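Reading through the structure tokens given below for one structure.
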Amino acid sequence: MDERDRTKQFEQRVLPHLDAAYNLARWLTGNEYDAQDVAQEACLRAFKSFGSLRGENTRAWLLTIVRNTFYNWLRKNRPPEIAGELGDEAMAVEDIAVNADILNLRLADAETVRHAIAELPVEFREMIVLREMEGFGYKEIAELSDVPIGTVMSRLARARKQLQRRLAGEFKPGEQQ
Amino acid sequence: MNCQQAKSLLDSYADGELEASAIVELEQHLQNCPGCASSWLNLQSLKKSLKQESLFFTAPEELQRRIKSALPSPAKTTPQRPIWNWNWLTATMSGATVCLAMLLMVTLNRPSSEQQLTQEIVSSHIRSLMATHVLDVVSTDKHTVKPWFNGRLDFSPPVNDLAAQEFPLIGGRLDYLGGRSVAALVYQRQKHVINVFIWPAKEADSNPAVLAPRQGYHLIHWSDAGMVFWAVSDLNEKELLEFVQDFTTGGR
């Protein structure tokens, strides 16, 4: 493919998903500056491997690259954060008491919800973004994030439980962080 | 099914990933167990709230500019070596002359911006027909398709349900035309796919205009309330025009 055709095709096929790429990077890094760096680096890496993109879902393909770029970036910049935070601790999600009225009240406030998501461990946060904001199915998320489907399911369930807990009730700060 | 089993299935059920056999049992349990039913309601409220538009971060325009400027330019040629290098110049003189001549021809034959745009639209339509790229959001429900664009575009395209007119909506996707992200709605008549490209523009309202077919595809262009519309399909002109009329009247 000619270089210039390649640029044009890339702009037509990949750049429409820049918002999705940035949104994922923004949720993963937690701030707009690092998010822009990660999204930009991911797009340039995507351009380099654009030739290998065939019929697959372009958005999933780009988000896979964003995610990999982010974890590389994280290893370089903030080594302690990912070390052993989740491990493989008990998969079971304990039942929690949720006050539905309080939950609904807090869910109505976007700022509160945003804050609660931001406080989740990064492996949970990405599941919420991929499932709820991007609408990917379990299988796609498993492929995209390179973990078994069972892990996707348990992380999603635990992420939601933690959110409900943080939003509705008796969550003690520092318990999970 | 007991409560513990039921609760472990709620997430997959809410995500539409539970197998049919388990759904029946779970639904029965939910009807008879107020505790699990309220967990189910809480989960649904949570999921709904996580999809709200304001949680979605939109890429700053600056980022798109930065990325584009880092890509090899689609419009310009790659930088040449300095021309005062006489040895090189002599050696490649003939090559350079040919390049220059070709560049001139390309420049002279450059299509007008409207022609370029229609070509882009047709190419985009053709690309969308190739296997998997046609839809980013698959739904026949305008109440699913329209909100899907929220947070993905800086405008909200009108989405009409035209199933009664036998132009069922099948979904939508993001596309990229004339240097900006645009909405593409996908409708169908029998086996014919119709793409409607929409983006905002400062253009006076205009009635549908039928353009000369390109590569066998019919194109109709109009603008309405600050948005530009292009419908493209291999459907015959008469039916495509009928579609556009139904679309512009909102299916009434």
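As shown in the structure tokens, the chain order sets the letters A, B, ...; within each chain, residues go from 1, and ligands are also counted from 1 in the order they appear.
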
Kindly assemble as CSV a list of the chain A residues that lie within 7 Å of chain B, each paired with its nearest atom pair and their distance in Å to one decimal, using only C-alpha atoms, sorted first by chain and then by ascending residue number.
```
residue,atom,partner,partner_atom,distance
A:Glu3,CA,B:Pro72,CA,6.9
A:Arg4,CA,B:Pro74,CA,4.5
A:Asp5,CA,B:Pro74,CA,6.8
A:Thr7,CA,B:Pro74,CA,5.7
A:Lys8,CA,B:Pro74,CA,5.9
A:Gln12,CA,B:Tyr176,CA,4.9
A:Pro16,CA,B:Ser181,CA,5.7
A:Leu18,CA,B:Ala59,CA,6.7
A:Asp19,CA,B:Ala59,CA,4.9
A:Tyr22,CA,B:Ala59,CA,5.4
A:Asn23,CA,B:Phe57,CA,4.8
A:Gln36,CA,B:Leu63,CA,6.5
A:Gln40,CA,B:Ile67,CA,6.1
A:Gly55,CA,B:Thr132,CA,6.0
A:Glu56,CA,B:Thr132,CA,6.8
A:Asn57,CA,B:Thr132,CA,6.9
A:Ala100,CA,B:Asn42,CA,6.4
A:Leu107,CA,B:Ser49,CA,6.0
A:Ala110,CA,B:Ser54,CA,6.9
A:Arg114,CA,B:Leu55,CA,6.5
A:Glu132,CA,B:Lys51,CA,5.7
A:Met133,CA,B:Lys51,CA,5.4
A:Ala157,CA,B:Asp11,CA,6.2
```

All residues 12 Å or closer to Gln28 of chain B, only C-alpha atoms, same chain fewer than 4 positions away omitted, as a list in words
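Contacts, with the query itself left out: Met1, Asn2, Cys3, Ala6, Ser21, Ala22, Ile23, Val24, Asn32, Cys33, Pro34, Cys36 and Ala37 of chain B.
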
Quick one: write out the picked residues with N, CA and C atoms as a short mmCIF file (atom, residue, chain, number, x, y, z; two decimals), in the first residue's frame?
```
data_model
loop_
_atom_site.label_atom_id
_atom_site.label_comp_id
_atom_site.auth_asym_id
_atom_site.auth_seq_id
_atom_site.Cartn_x
_atom_site.Cartn_y
_atom_site.Cartn_z
N MET B 1 -33.52 -23.35 42.21
CA MET B 1 -32.40 -22.41 42.30
C MET B 1 -32.45 -21.65 43.63
N ASN B 2 -31.31 -21.63 44.34
CA ASN B 2 -31.32 -20.87 45.59
C ASN B 2 -30.76 -19.46 45.37
N CYS B 3 -30.81 -18.64 46.44
CA CYS B 3 -30.42 -17.24 46.30
C CYS B 3 -28.96 -17.06 45.87
N ALA B 6 -28.72 -17.76 42.27
CA ALA B 6 -29.38 -16.69 41.51
C ALA B 6 -28.49 -15.46 41.45
N SER B 21 -31.38 -21.70 29.04
CA SER B 21 -31.90 -22.63 30.04
C SER B 21 -31.84 -22.02 31.44
N ALA B 22 -30.79 -21.27 31.71
CA ALA B 22 -30.65 -20.66 33.04
C ALA B 22 -31.59 -19.46 33.21
N ILE B 23 -31.88 -18.79 32.09
CA ILE B 23 -32.74 -17.60 32.18
C ILE B 23 -34.10 -17.95 32.77
N VAL B 24 -34.68 -19.05 32.27
CA VAL B 24 -36.02 -19.43 32.73
C VAL B 24 -36.02 -19.65 34.24
N ASN B 32 -40.21 -14.88 42.71
CA ASN B 32 -40.63 -15.37 44.02
C ASN B 32 -39.75 -14.91 45.17
N CYS B 33 -38.65 -14.21 44.85
CA CYS B 33 -37.73 -13.84 45.92
C CYS B 33 -37.50 -12.33 45.94
N PRO B 34 -38.10 -11.62 46.88
CA PRO B 34 -37.97 -10.17 46.93
C PRO B 34 -36.52 -9.72 47.12
N CYS B 36 -33.64 -11.16 46.05
CA CYS B 36 -32.90 -11.22 44.79
C CYS B 36 -33.47 -10.21 43.79
N ALA B 37 -34.80 -10.04 43.84
CA ALA B 37 -35.41 -9.08 42.91
C ALA B 37 -34.88 -7.68 43.17
#
```

As a list in words, please: the residues near Cys43 of chain A (cut-off 10 Å, only C-alpha atoms, same-chain neighbours under 2 positions excluded).
Phe10, Val14, Leu15, Leu18, Ala21, Tyr22, Asp37, Val38, Ala39, Gln40, Glu41, Arg45, Ala46, Phe47, Lys48, Ser49, Phe50, Leu62, Leu63, Ile65, Val66 and Thr69 of chain A; Gln64, Ile67, Lys68, Ala70 and Leu71 of chain B

Selection file, N, CA, C and O atoms, as an mmCIF file, in the first residue's frame:
```
data_model
loop_
_atom_site.group_PDB
_atom_site.id
_atom_site.type_symbol
_atom_site.label_atom_id
_atom_site.label_comp_id
_atom_site.auth_asym_id
_atom_site.auth_seq_id
_atom_site.Cartn_x
_atom_site.Cartn_y
_atom_site.Cartn_z
ATOM 1 N N PHE A 10 -6.150 4.990 7.050
ATOM 2 C CA PHE A 10 -6.059 4.996 8.505
ATOM 3 C C PHE A 10 -6.980 6.065 9.088
ATOM 4 O O PHE A 10 -7.729 5.830 10.031
ATOM 5 N N VAL A 14 -9.654 4.243 11.203
ATOM 6 C CA VAL A 14 -9.256 4.159 12.609
ATOM 7 C C VAL A 14 -9.598 5.424 13.397
ATOM 8 O O VAL A 14 -10.120 5.348 14.505
ATOM 9 N N LEU A 15 -9.331 6.589 12.805
ATOM 10 C CA LEU A 15 -9.527 7.821 13.582
ATOM 11 C C LEU A 15 -10.961 8.089 14.046
ATOM 12 O O LEU A 15 -11.156 8.769 15.045
ATOM 13 N N LEU A 18 -11.176 7.502 17.650
ATOM 14 C CA LEU A 18 -10.253 8.202 18.547
ATOM 15 C C LEU A 18 -10.911 8.534 19.888
ATOM 16 O O LEU A 18 -10.279 8.442 20.935
ATOM 17 N N ALA A 21 -10.762 5.544 22.005
ATOM 18 C CA ALA A 21 -9.382 5.319 22.440
ATOM 19 C C ALA A 21 -9.039 6.268 23.581
ATOM 20 O O ALA A 21 -8.482 5.872 24.606
ATOM 21 N N TYR A 22 -9.415 7.532 23.395
ATOM 22 C CA TYR A 22 -9.095 8.526 24.413
ATOM 23 C C TYR A 22 -9.871 8.230 25.697
ATOM 24 O O TYR A 22 -9.337 8.307 26.799
ATOM 25 N N ASP A 37 -1.192 11.382 25.940
ATOM 26 C CA ASP A 37 0.061 10.734 25.542
ATOM 27 C C ASP A 37 -0.165 9.272 25.174
ATOM 28 O O ASP A 37 0.320 8.795 24.154
ATOM 29 N N VAL A 38 -0.918 8.573 26.033
ATOM 30 C CA VAL A 38 -1.151 7.148 25.779
ATOM 31 C C VAL A 38 -1.964 6.968 24.496
ATOM 32 O O VAL A 38 -1.633 6.140 23.639
ATOM 33 N N ALA A 39 -3.014 7.780 24.319
ATOM 34 C CA ALA A 39 -3.849 7.643 23.123
ATOM 35 C C ALA A 39 -3.040 7.961 21.869
ATOM 36 O O ALA A 39 -3.160 7.279 20.847
ATOM 37 N N GLN A 40 -2.205 8.982 21.952
ATOM 38 C CA GLN A 40 -1.408 9.340 20.775
ATOM 39 C C GLN A 40 -0.410 8.230 20.435
ATOM 40 O O GLN A 40 -0.312 7.802 19.293
ATOM 41 N N GLU A 41 0.288 7.754 21.463
ATOM 42 C CA GLU A 41 1.264 6.694 21.199
ATOM 43 C C GLU A 41 0.560 5.461 20.631
ATOM 44 O O GLU A 41 1.052 4.837 19.687
ATOM 45 N N ARG A 45 1.259 3.629 17.083
ATOM 46 C CA ARG A 45 1.548 2.195 17.001
ATOM 47 C C ARG A 45 0.529 1.503 16.111
ATOM 48 O O ARG A 45 0.860 0.604 15.342
ATOM 49 N N ALA A 46 -0.711 1.933 16.226
ATOM 50 C CA ALA A 46 -1.771 1.350 15.394
ATOM 51 C C ALA A 46 -1.464 1.603 13.918
ATOM 52 O O ALA A 46 -1.650 0.735 13.075
ATOM 53 N N PHE A 47 -0.972 2.815 13.631
ATOM 54 C CA PHE A 47 -0.654 3.135 12.233
ATOM 55 C C PHE A 47 0.423 2.196 11.706
ATOM 56 O O PHE A 47 0.341 1.709 10.578
ATOM 57 N N LYS A 48 1.426 1.919 12.552
ATOM 58 C CA LYS A 48 2.506 1.031 12.109
ATOM 59 C C LYS A 48 2.003 -0.372 11.807
ATOM 60 O O LYS A 48 2.468 -1.020 10.894
ATOM 61 N N SER A 49 1.043 -0.849 12.608
ATOM 62 C CA SER A 49 0.582 -2.219 12.363
ATOM 63 C C SER A 49 -0.738 -2.235 11.597
ATOM 64 O O SER A 49 -1.395 -3.259 11.518
ATOM 65 N N PHE A 50 -1.105 -1.101 11.025
ATOM 66 C CA PHE A 50 -2.360 -0.979 10.289
ATOM 67 C C PHE A 50 -2.459 -1.997 9.160
ATOM 68 O O PHE A 50 -3.533 -2.516 8.864
ATOM 69 N N LEU A 62 -8.208 -1.263 17.948
ATOM 70 C CA LEU A 62 -7.547 -0.046 18.432
ATOM 71 C C LEU A 62 -7.496 -0.034 19.966
ATOM 72 O O LEU A 62 -6.470 0.311 20.557
ATOM 73 N N LEU A 63 -8.579 -0.468 20.602
ATOM 74 C CA LEU A 63 -8.598 -0.431 22.068
ATOM 75 C C LEU A 63 -7.622 -1.442 22.666
ATOM 76 O O LEU A 63 -7.073 -1.224 23.740
ATOM 77 N N ILE A 65 -4.757 -2.036 21.413
ATOM 78 C CA ILE A 65 -3.467 -1.347 21.350
ATOM 79 C C ILE A 65 -3.382 -0.267 22.440
ATOM 80 O O ILE A 65 -2.351 -0.110 23.086
ATOM 81 N N VAL A 66 -4.494 0.433 22.666
ATOM 82 C CA VAL A 66 -4.505 1.460 23.726
ATOM 83 C C VAL A 66 -4.182 0.807 25.073
ATOM 84 O O VAL A 66 -3.374 1.299 25.851
ATOM 85 N N THR A 69 -0.564 -0.249 25.282
ATOM 86 C CA THR A 69 0.265 0.949 25.435
ATOM 87 C C THR A 69 0.186 1.456 26.871
ATOM 88 O O THR A 69 1.179 1.832 27.478
ATOM 89 N N GLN B 64 -6.371 15.000 18.025
ATOM 90 C CA GLN B 64 -6.542 14.573 16.638
ATOM 91 C C GLN B 64 -5.545 15.286 15.732
ATOM 92 O O GLN B 64 -4.945 14.669 14.860
ATOM 93 N N ILE B 67 -2.027 13.835 16.247
ATOM 94 C CA ILE B 67 -1.846 12.520 15.633
ATOM 95 C C ILE B 67 -1.729 12.656 14.118
ATOM 96 O O ILE B 67 -0.830 12.092 13.506
ATOM 97 N N LYS B 68 -2.622 13.470 13.546
ATOM 98 C CA LYS B 68 -2.581 13.627 12.089
ATOM 99 C C LYS B 68 -1.252 14.209 11.637
ATOM 100 O O LYS B 68 -0.725 13.820 10.593
ATOM 101 N N ALA B 70 1.520 13.758 12.924
ATOM 102 C CA ALA B 70 2.596 12.777 13.076
ATOM 103 C C ALA B 70 2.538 11.688 11.998
ATOM 104 O O ALA B 70 3.477 10.926 11.829
ATOM 105 N N LEU B 71 1.421 11.617 11.273
ATOM 106 C CA LEU B 71 1.295 10.602 10.217
ATOM 107 C C LEU B 71 1.910 11.137 8.926
ATOM 108 O O LEU B 71 1.939 12.345 8.724
#
```

Atom-to-atom span, atom CA of Ile126 of chain B and atom CA of Lys238 of chain B, Å:
20.4 Å

Which of these, B:Tyr217, B:Trp230, B:Trp40, B:Tyr187, has the shortest distance to Ala163 of chain B once you count only C-alpha atoms?
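Among the listed residues, B:Tyr187 lies closest to Ala163 of chain B.
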
Which residues come within 12 Å of Glu237 of chain B, counting only C-alpha atoms, excluding same-chain residues fewer than 4 positions away, as a short mmCIF file (atom, residue, chain, number, x, y, z; two decimals) with C-alpha atoms, in the first residue's frame?
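Result file is selection_33.cif:
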```cif
data_model
loop_
_atom_site.label_atom_id
_atom_site.label_comp_id
_atom_site.auth_asym_id
_atom_site.auth_seq_id
_atom_site.Cartn_x
_atom_site.Cartn_y
_atom_site.Cartn_z
CA ILE B 194 -28.60 2.39 2.26
CA ALA B 209 -30.90 16.70 -5.15
CA VAL B 210 -30.17 13.56 -7.12
CA LEU B 211 -26.58 13.34 -8.33
CA ALA B 212 -25.29 11.43 -11.32
CA PRO B 213 -24.65 7.81 -10.32
CA GLY B 216 -23.28 2.21 -10.14
CA TYR B 217 -24.34 3.85 -6.84
CA HIS B 218 -27.03 6.48 -6.55
CA LEU B 219 -26.47 9.53 -4.41
CA ILE B 220 -28.92 12.01 -3.00
CA ALA B 231 -27.89 8.99 1.09
CA VAL B 232 -26.07 6.43 -1.01
CA SER B 233 -27.16 3.01 -2.21
CA LEU B 241 -35.73 9.10 -3.55
CA GLU B 242 -38.74 7.53 -1.89
CA PHE B 243 -36.49 6.61 1.02
CA VAL B 244 -35.18 10.16 1.30
#
```

Would you compute the distance between atom CA of Arg13 of chain A and atom CA of Thr64 of chain A? Give it in Å to one decimal.
15.6 Å

Run DSSP on the backbone and give me the residues of chain A it puts in alpha helix (DSSP H), as a PyMOL selection string.
chain A and resi 3-13+18-29+32-48+58-77+79-82+100-107+110-118+122-128+138-145+149-168

Go ahead and save the picked residues with C-alpha atoms, as a compact mmCIF listing (two decimals), in the first residue's frame.
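What follows is the written file result.txt:
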```txt
# COMPACT_ATOMS: atom_id res chain seq x y z
CA GLU A 3 2.22 5.54 2.21
CA ARG A 4 -0.31 8.23 1.40
CA ASP A 5 -3.15 5.81 0.73
CA ARG A 6 -2.27 4.22 4.00
CA THR A 7 -2.60 7.51 5.86
CA LYS A 8 -5.92 8.21 4.21
CA GLN A 9 -7.31 4.77 4.95
CA PHE A 10 -6.06 5.00 8.51
CA GLU A 11 -7.79 8.34 8.94
CA GLN A 12 -11.00 6.93 7.54
CA ARG A 13 -11.05 3.64 9.31
CA LEU A 18 -10.25 8.20 18.55
CA ASP A 19 -12.88 9.19 21.13
CA ALA A 20 -13.18 5.58 22.28
CA ALA A 21 -9.38 5.32 22.44
CA TYR A 22 -9.09 8.53 24.41
CA ASN A 23 -11.96 7.59 26.74
CA LEU A 24 -10.31 4.28 27.63
CA ALA A 25 -6.92 5.95 28.08
CA ARG A 26 -8.52 8.68 30.19
CA TRP A 27 -10.17 6.18 32.52
CA LEU A 28 -7.04 4.06 32.79
CA THR A 29 -4.51 6.83 33.38
CA GLU A 32 -6.11 14.09 30.63
CA TYR A 33 -2.40 14.69 30.03
CA ASP A 34 -1.28 11.09 30.38
CA ALA A 35 -4.42 10.01 28.53
CA GLN A 36 -3.46 12.14 25.53
CA ASP A 37 0.06 10.73 25.54
CA VAL A 38 -1.15 7.15 25.78
CA ALA A 39 -3.85 7.64 23.12
CA GLN A 40 -1.41 9.34 20.78
CA GLU A 41 1.26 6.69 21.20
CA ALA A 42 -1.35 3.99 20.71
CA CYS A 43 -2.58 5.59 17.48
CA LEU A 44 0.92 5.82 16.09
CA ARG A 45 1.55 2.20 17.00
CA ALA A 46 -1.77 1.35 15.39
CA PHE A 47 -0.65 3.14 12.23
CA LYS A 48 2.51 1.03 12.11
CA THR A 58 -11.53 -1.80 14.18
CA ARG A 59 -12.61 -0.32 17.48
CA ALA A 60 -11.71 -3.49 19.42
CA TRP A 61 -8.40 -3.66 17.58
CA LEU A 62 -7.55 -0.05 18.43
CA LEU A 63 -8.60 -0.43 22.07
CA THR A 64 -6.39 -3.51 22.41
CA ILE A 65 -3.47 -1.35 21.35
CA VAL A 66 -4.50 1.46 23.73
CA ARG A 67 -4.65 -1.02 26.57
CA ASN A 68 -1.22 -2.51 25.79
CA THR A 69 0.27 0.95 25.44
CA PHE A 70 -1.21 1.90 28.78
CA TYR A 71 0.24 -1.11 30.62
CA ASN A 72 3.68 -0.44 29.10
CA TRP A 73 3.38 3.15 30.17
CA LEU A 74 2.29 2.10 33.65
CA ARG A 75 5.25 -0.24 34.08
CA LYS A 76 7.61 2.58 33.14
CA ASN A 77 5.97 5.30 35.15
CA PRO A 79 5.67 0.41 38.98
CA PRO A 80 4.06 -0.14 42.40
CA GLU A 81 0.45 0.41 41.42
CA ILE A 82 -0.14 -2.79 39.54
CA ALA A 100 -31.62 1.15 47.18
CA ASP A 101 -32.75 4.70 47.96
CA ILE A 102 -29.25 5.91 48.74
CA LEU A 103 -27.89 4.03 45.73
CA ASN A 104 -30.35 5.63 43.34
CA LEU A 105 -29.74 9.04 44.79
CA ARG A 106 -26.00 8.77 44.29
CA LEU A 107 -26.31 7.18 40.87
CA ALA A 110 -22.59 11.88 37.52
CA GLU A 111 -19.75 13.39 39.52
CA THR A 112 -20.22 10.91 42.36
CA VAL A 113 -20.40 8.01 39.94
CA ARG A 114 -17.29 9.20 38.13
CA HIS A 115 -15.45 9.40 41.40
CA ALA A 116 -16.51 5.91 42.41
CA ILE A 117 -15.32 4.42 39.09
CA ALA A 118 -12.03 6.29 39.34
CA VAL A 122 -7.42 -0.39 37.26
CA GLU A 123 -8.28 -3.99 36.25
CA PHE A 124 -11.86 -3.41 37.39
CA ARG A 125 -12.07 0.02 35.83
CA GLU A 126 -11.20 -1.26 32.38
CA MET A 127 -13.91 -3.91 32.59
CA ILE A 128 -16.51 -1.24 33.37
CA TYR A 138 -17.61 -11.00 27.41
CA LYS A 139 -15.80 -12.84 24.64
CA GLU A 140 -14.63 -9.63 22.99
CA ILE A 141 -13.46 -8.23 26.33
CA ALA A 142 -11.59 -11.46 27.07
CA GLU A 143 -9.79 -11.27 23.73
CA LEU A 144 -9.18 -7.57 24.01
CA SER A 145 -7.71 -7.75 27.50
CA ILE A 149 -13.79 -15.19 30.08
CA GLY A 150 -14.18 -16.39 33.67
CA THR A 151 -11.85 -13.62 34.82
CA VAL A 152 -13.82 -11.05 32.84
CA MET A 153 -17.02 -12.21 34.53
CA SER A 154 -15.62 -12.21 38.03
CA ARG A 155 -13.90 -8.85 37.62
CA LEU A 156 -17.06 -7.28 36.26
CA ALA A 157 -19.18 -8.70 39.06
CA ARG A 158 -16.70 -7.55 41.68
CA ALA A 159 -16.34 -4.14 40.08
CA ARG A 160 -20.09 -3.63 40.22
CA LYS A 161 -20.31 -4.82 43.81
CA GLN A 162 -17.56 -2.39 44.81
CA LEU A 163 -19.32 0.43 43.00
CA GLN A 164 -22.60 -0.32 44.75
CA ARG A 165 -20.79 -0.48 48.03
CA ARG A 166 -18.94 2.79 47.49
CA LEU A 167 -22.09 4.50 46.35
CA ALA A 168 -24.63 3.08 48.72
```

Ala164 of chain B environment, 12 Å, only C-alpha atoms, sequence neighbours closer than 3 positions dropped, as a VMD selection string
chain B and resid 160 to 161 167 to 169 189 243 246 to 247 250 to 252

Quick one: pull the distance between atom CA of Ser123 of chain B and atom CA of Arg214 of chain B, Å, one decimal.
10.0 Å

Among segment 112-178 of chain B, which ones does DSSP assign to strand (DSSP E) (computed from the backbone)? Answer as a PyMOL selection string.
chain B and resi 137-138+169-177
